[in-house]
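A.B. asks: Structure: data-v5.pdb, PDB, C-alpha atoms.
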ATOM      1  CA  VAL S   1       2.665 -43.895 -32.232
ATOM      2  CA  ASN S   2       3.459 -41.841 -35.342
ATOM      3  CA  VAL S   3       2.412 -38.575 -33.682
ATOM      4  CA  MET S   4       4.470 -39.403 -30.591
ATOM      5  CA  TRP S   5       7.507 -40.156 -32.784
ATOM      6  CA  LEU S   6       7.139 -36.884 -34.703
ATOM      7  CA  ASP S   7       6.718 -34.960 -31.432
ATOM      8  CA  LEU S   8       9.879 -36.578 -30.043
ATOM      9  CA  VAL S   9      11.903 -35.824 -33.174
ATOM     10  CA  THR S  10      10.664 -32.227 -33.261
ATOM     11  CA  TYR S  11      11.437 -31.758 -29.576
ATOM     12  CA  LEU S  12      14.962 -33.147 -29.944
ATOM     13  CA  HIS S  13      15.727 -30.845 -32.874
ATOM     14  CA  HIS S  14      14.785 -27.777 -30.849
ATOM     15  CA  HIS S  15      15.822 -28.712 -27.289
ATOM     16  CA  GLY S  16      18.523 -30.530 -25.385
ATOM     17  CA  HIS S  17      21.555 -28.465 -26.284
ATOM     18  CA  GLN S  18      22.883 -26.109 -23.610
ATOM     19  CA  ASP S  19      23.746 -23.206 -25.886
ATOM     20  CA  LEU S  20      20.589 -22.973 -28.003
ATOM     21  CA  PRO S  21      19.318 -19.392 -27.755
ATOM     22  CA  TRP S  22      15.801 -18.181 -28.424
ATOM     23  CA  TYR S  23      15.658 -14.894 -30.301
ATOM     24  CA  ARG S  24      12.886 -12.325 -30.110
ATOM     25  CA  GLY S  25      12.109  -8.886 -31.445
ATOM     26  CA  GLU S  26      14.944  -7.146 -33.249
ATOM     27  CA  GLU S  27      17.329 -10.024 -32.545
ATOM     28  CA  TRP S  28      15.267 -12.615 -34.433
ATOM     29  CA  SER S  29      15.867 -13.320 -38.117
ATOM     30  CA  TYR S  30      15.058 -16.237 -40.375
ATOM     31  CA  LEU S  31      18.747 -17.219 -40.422
ATOM     32  CA  ARG S  32      19.147 -17.025 -36.655
ATOM     33  CA  GLY S  33      15.981 -19.029 -36.157
ATOM     34  CA  GLY S  34      17.233 -21.760 -38.468
ATOM     35  CA  LEU S  35      20.582 -21.913 -36.721
ATOM     36  CA  THR S  36      18.968 -22.549 -33.351
ATOM     37  CA  THR S  37      18.002 -26.064 -34.337
ATOM     38  CA  VAL S  38      20.151 -29.157 -33.865
ATOM     39  CA  ASP S  39      20.906 -32.036 -36.196
ATOM     40  CA  ARG S  40      20.490 -35.481 -34.639
ATOM     41  CA  ASP S  41      21.711 -38.886 -35.745
ATOM     42  CA  TYR S  42      18.926 -41.475 -35.658
ATOM     43  CA  GLY S  43      21.022 -44.438 -36.789
ATOM     44  CA  TRP S  44      19.361 -46.689 -39.359
ATOM     45  CA  ILE S  45      16.137 -44.719 -38.917
ATOM     46  CA  ASN S  46      17.756 -41.868 -40.913
ATOM     47  CA  ASN S  47      17.574 -44.017 -44.038
ATOM     48  CA  ILE S  48      13.870 -44.811 -43.758
ATOM     49  CA  HIS S  49      12.773 -41.448 -42.396
ATOM     50  CA  HIS S  50      13.944 -39.154 -45.214
ATOM     51  CA  ASP S  51      17.154 -38.149 -43.400
ATOM     52  CA  ILE S  52      15.173 -36.371 -40.697
ATOM     53  CA  GLY S  53      18.364 -35.784 -38.709
ATOM     54  CA  THR S  54      19.467 -33.019 -41.105
ATOM     55  CA  HIS S  55      17.292 -30.443 -39.437
ATOM     56  CA  VAL S  56      19.464 -27.320 -39.632
ATOM     57  CA  ILE S  57      19.573 -27.365 -43.439
ATOM     58  CA  HIS S  58      15.846 -28.154 -43.510
ATOM     59  CA  HIS S  59      15.218 -24.921 -41.579
ATOM     60  CA  LEU S  60      17.641 -22.805 -43.581
ATOM     61  CA  PHE S  61      16.619 -24.110 -47.009
ATOM     62  CA  PRO S  62      13.191 -25.770 -46.782
ATOM     63  CA  GLN S  63      12.976 -26.017 -50.569
ATOM     64  CA  ILE S  64      15.778 -28.635 -50.693
ATOM     65  CA  PRO S  65      14.209 -32.073 -51.189
ATOM     66  CA  HIS S  66      14.860 -34.663 -48.499
ATOM     67  CA  TYR S  67      17.031 -36.749 -50.812
ATOM     68  CA  HIS S  68      19.582 -33.900 -51.003
ATOM     69  CA  LEU S  69      19.656 -32.938 -47.312
ATOM     70  CA  VAL S  70      22.696 -35.028 -46.366
ATOM     71  CA  GLU S  71      24.681 -33.659 -49.301
ATOM     72  CA  ALA S  72      23.563 -30.093 -48.528
ATOM     73  CA  THR S  73      24.488 -30.498 -44.847
ATOM     74  CA  LYS S  74      27.999 -31.689 -45.768
ATOM     75  CA  ALA S  75      28.424 -28.687 -48.071
ATOM     76  CA  ALA S  76      27.126 -26.199 -45.494
ATOM     77  CA  ARG S  77      29.164 -27.360 -42.474
ATOM     78  CA  PRO S  78      32.344 -25.458 -43.423
ATOM     79  CA  VAL S  79      30.343 -22.308 -44.155
ATOM     80  CA  LEU S  80      28.339 -22.499 -40.926
ATOM     81  CA  GLY S  81      31.485 -23.077 -38.865
ATOM     82  CA  ARG S  82      30.879 -22.596 -35.144
ATOM     83  CA  TYR S  83      27.163 -22.076 -35.757
ATOM     84  CA  TYR S  84      26.749 -25.724 -36.708
ATOM     85  CA  ARG S  85      26.420 -28.172 -33.821
ATOM     86  CA  GLU S  86      27.771 -31.561 -34.853
ATOM     87  CA  PRO S  87      25.325 -34.320 -33.894
ATOM     88  CA  GLU S  88      26.408 -37.101 -31.581
ATOM     89  CA  LYS S  89      26.928 -40.247 -33.645
ATOM     90  CA  SER S  90      24.410 -43.020 -33.168
ATOM     91  CA  GLY S  91      24.709 -46.750 -33.225
ATOM     92  CA  PRO S  92      22.130 -48.679 -35.245
ATOM     93  CA  LEU S  93      19.477 -47.568 -32.742
ATOM     94  CA  PRO S  94      19.541 -43.996 -31.413
ATOM     95  CA  MET S  95      19.641 -44.996 -27.753
ATOM     96  CA  HIS S  96      21.887 -42.020 -26.894
ATOM     97  CA  LEU S  97      18.934 -39.714 -27.510
ATOM     98  CA  ILE S  98      17.133 -41.086 -24.456
ATOM     99  CA  THR S  99      19.798 -39.441 -22.287
ATOM    100  CA  VAL S 100      19.477 -36.177 -24.250
ATOM    101  CA  LEU S 101      15.698 -36.231 -23.866
ATOM    102  CA  LEU S 102      15.735 -36.991 -20.138
ATOM    103  CA  LYS S 103      18.336 -34.314 -19.399
ATOM    104  CA  SER S 104      16.394 -31.750 -21.398
ATOM    105  CA  LEU S 105      13.174 -32.602 -19.578
ATOM    106  CA  ARG S 106      15.028 -32.119 -16.268
ATOM    107  CA  VAL S 107      16.681 -28.778 -17.012
ATOM    108  CA  ASP S 108      14.984 -27.048 -19.984
ATOM    109  CA  HIS S 109      11.892 -25.757 -18.202
ATOM    110  CA  PHE S 110      11.348 -22.213 -19.465
ATOM    111  CA  VAL S 111      12.824 -19.177 -21.152
ATOM    112  CA  SER S 112      12.651 -15.752 -19.540
ATOM    113  CA  ASP S 113       9.876 -13.374 -20.506
ATOM    114  CA  VAL S 114      12.483 -10.600 -20.558
ATOM    115  CA  GLY S 115      15.125 -10.122 -23.221
ATOM    116  CA  ASP S 116      15.537 -10.600 -26.945
ATOM    117  CA  VAL S 117      18.170 -13.361 -26.630
ATOM    118  CA  VAL S 118      17.185 -15.916 -24.002
ATOM    119  CA  PHE S 119      18.194 -19.441 -23.063
ATOM    120  CA  TYR S 120      16.397 -22.282 -21.353
ATOM    121  CA  GLN S 121      16.464 -22.105 -17.586
ATOM    122  CA  THR S 122      15.722 -24.594 -14.859
ATOM    123  CA  ASP S 123      12.881 -24.048 -12.428
ATOM    124  CA  PRO S 124      14.457 -24.612  -8.981
ATOM    125  CA  SER S 125      11.182 -25.984  -7.619
ATOM    126  CA  LEU S 126      11.331 -28.744 -10.238
ATOM    127  CA  SER S 127      15.044 -29.418  -9.970
ATOM    128  CA  GLY S 128      17.177 -30.327  -7.021
ATOM    129  CA  ASP S 129      19.936 -32.761  -6.308
ATOM    130  CA  LYS S 130      18.159 -35.760  -7.811
ATOM    131  CA  TRP S 131      17.493 -33.836 -11.038
ATOM    132  CA  THR S 132      20.466 -31.645 -11.872
ATOM    133  CA  GLY S 133      23.069 -32.263  -9.212
ATOM    134  CA  THR S 134      23.117 -28.540  -8.410
ATOM    135  CA  ASP S 135      20.938 -28.390  -5.299
ATOM    136  CA  LYS S 136      23.033 -27.170  -2.349
ATOM    137  CA  GLN S 137      20.444 -27.924   0.340
ATOM    138  CA  LYS S 138      21.493 -30.181   3.209
TER
END
What's the structure tokens form of this structure?
C.D. replies:
Amino acid sequence: VNVMWLDLVTYLHHHGHQDLPWYRGEEWSYLRGGLTTVDRDYGWINNIHHDIGTHVIHHLFPQIPHYHLVEATKAARPVLGRYYREPEKSGPLPMHLITVLLKSLRVDHFVSDVGDVVFYQTDPSLSGDKWTGTDKQK
């Protein structure tokens, strides 16, 4: 159960946001890599899980201890500006993340093998009307 939880959290911090690029080659840098993660709000679980939702700051400054991540995130938001993706607010239980996970599993299938800045794409053979609402077949 613990491994599954950590896999889910890791997946959600790196997937499920339409404009998350993947950088390669000359385009990749430590800063760009850190900014392609997403903070998530896990409700009351944040408090018992070392503020795991503050993932962007964790990637940018891994030396910051977990008990300062919320404070560091608040301080960094104005500096990061448009490069910071505000997390969707959670209720006590992070039920909203089920929708994020399911959508990501439906549409985030692969990134191109070509290019230094790539985005997730949907495999048409795995998608269709029931998955993405974009299938035009009759």
A.B. asks: Hey, which of S:Ala75, S:Pro87, S:Asn46, S:Leu69 ends up closest to His13 in chain S? Count all atoms listed in the file.
C.D. replies: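 When distances to His13 in chain S are compared using all atoms listed in the file, the smallest one comes from S:Pro87.
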A.B. asks: List the neighbours of range 21-32 of chain S out to 7 Å using only C-alpha atoms; skip same-chain residues closer than 4 positions along the sequence, and give me the result as a PDB file with C-alpha atoms, in the frame of the given file.
C.D. replies:
ATOM      1  CA  THR S  36      18.968 -22.549 -33.351  1.00  0.00           C
ATOM      2  CA  LEU S  60      17.641 -22.805 -43.581  1.00  0.00           C
ATOM      3  CA  ASP S 116      15.537 -10.600 -26.945  1.00  0.00           C
ATOM      4  CA  VAL S 117      18.170 -13.361 -26.630  1.00  0.00           C
ATOM      5  CA  VAL S 118      17.185 -15.916 -24.002  1.00  0.00           C
ATOM      6  CA  PHE S 119      18.194 -19.441 -23.063  1.00  0.00           C
TER       7      PHE S 119
END
A.B. asks: Looking at S:Val114, S:Thr73, S:Asn47, S:Val1, which one is nearest to Glu86 in chain S, with distances taken over all atoms listed in the file?
C.D. replies: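 Using all atoms listed in the file, Glu86 in chain S sits closest to S:Thr73.
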A.B. asks: Residue by residue, what does the PyMOL selection byres ((chain S and resi 102-107) around 10) grab here? Present the result as a count of residues only.
C.D. replies: 25
A.B. asks: Expressed in Å to a single decimal, how great is the separation between CA of Lys74 in chain S and CA of Asp7 in chain S?
C.D. replies: 25.9 Å
A.B. asks: For this structure, which residues satisfy the selection - the PyMOL selection byres ((chain S and resi 57) around 8) - when it is evaluated on the file as given? I want them as number ranges by chain.
C.D. replies: S: 34, 54-56, 58-62, 69, 72-73, 76
A.B. asks: Step by step, work through what the PyMOL selection byres ((chain S and resi 91) around 10) selects in the shown file, and finish by giving those residues as a list in words.
C.D. replies: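 Written out, the selection comes to Asp41, Tyr42, Gly43, Trp44, Glu88, Lys89, Ser90, Pro92, Leu93, Pro94, Met95 and His96 of chain S.
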A.B. asks: With distances taken over all atoms listed in the file, which of S:Leu80, S:Ile52, S:Ile64, S:Val70 is nearest to Thr10 in chain S?
C.D. replies: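 Of S:Leu80, S:Ile52, S:Ile64, S:Val70, the one nearest Thr10 in chain S, counting all atoms listed in the file, is S:Ile52.
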A.B. asks: Could you put an axis-aligned box around every listed atom of range 21-35 of chain S, padded by 5 Å on each side, and send me its centre and edge lengths in Å to one decimal, as lines of an AutoDock Vina configuration file?
C.D. replies:
center_x = 16.3
center_y = -14.5
center_z = -34.1
size_x = 18.5
size_y = 24.8
size_z = 22.7
A.B. asks: In Å to one decimal, how far is CA of Gly81 in chain S from CA of Leu8 in chain S?
C.D. replies: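 Separating CA of Leu8 in chain S from CA of Gly81 in chain S is a distance of 27.0 Å.
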A.B. asks: Would you list the residues near (16.8, -40.2, -49.5), meaning any protein, DNA or RNA residue with an atom at most 7 Å from that point in file coordinates, counting all atoms listed in the file, as a ChimeraX atom specification?
C.D. replies: /S:47,50-51,66-67
A.B. asks: Could you check which of S:Val38, S:Leu20, S:Ile48, S:Met4 is closest to Tyr84 in chain S, using all atoms listed in the file?
C.D. replies: S:Val38
A.B. asks: What is the CA of Asp39 in chain S to CA of Gly53 in chain S distance in Å?
C.D. replies: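 The value is 5.2 Å.
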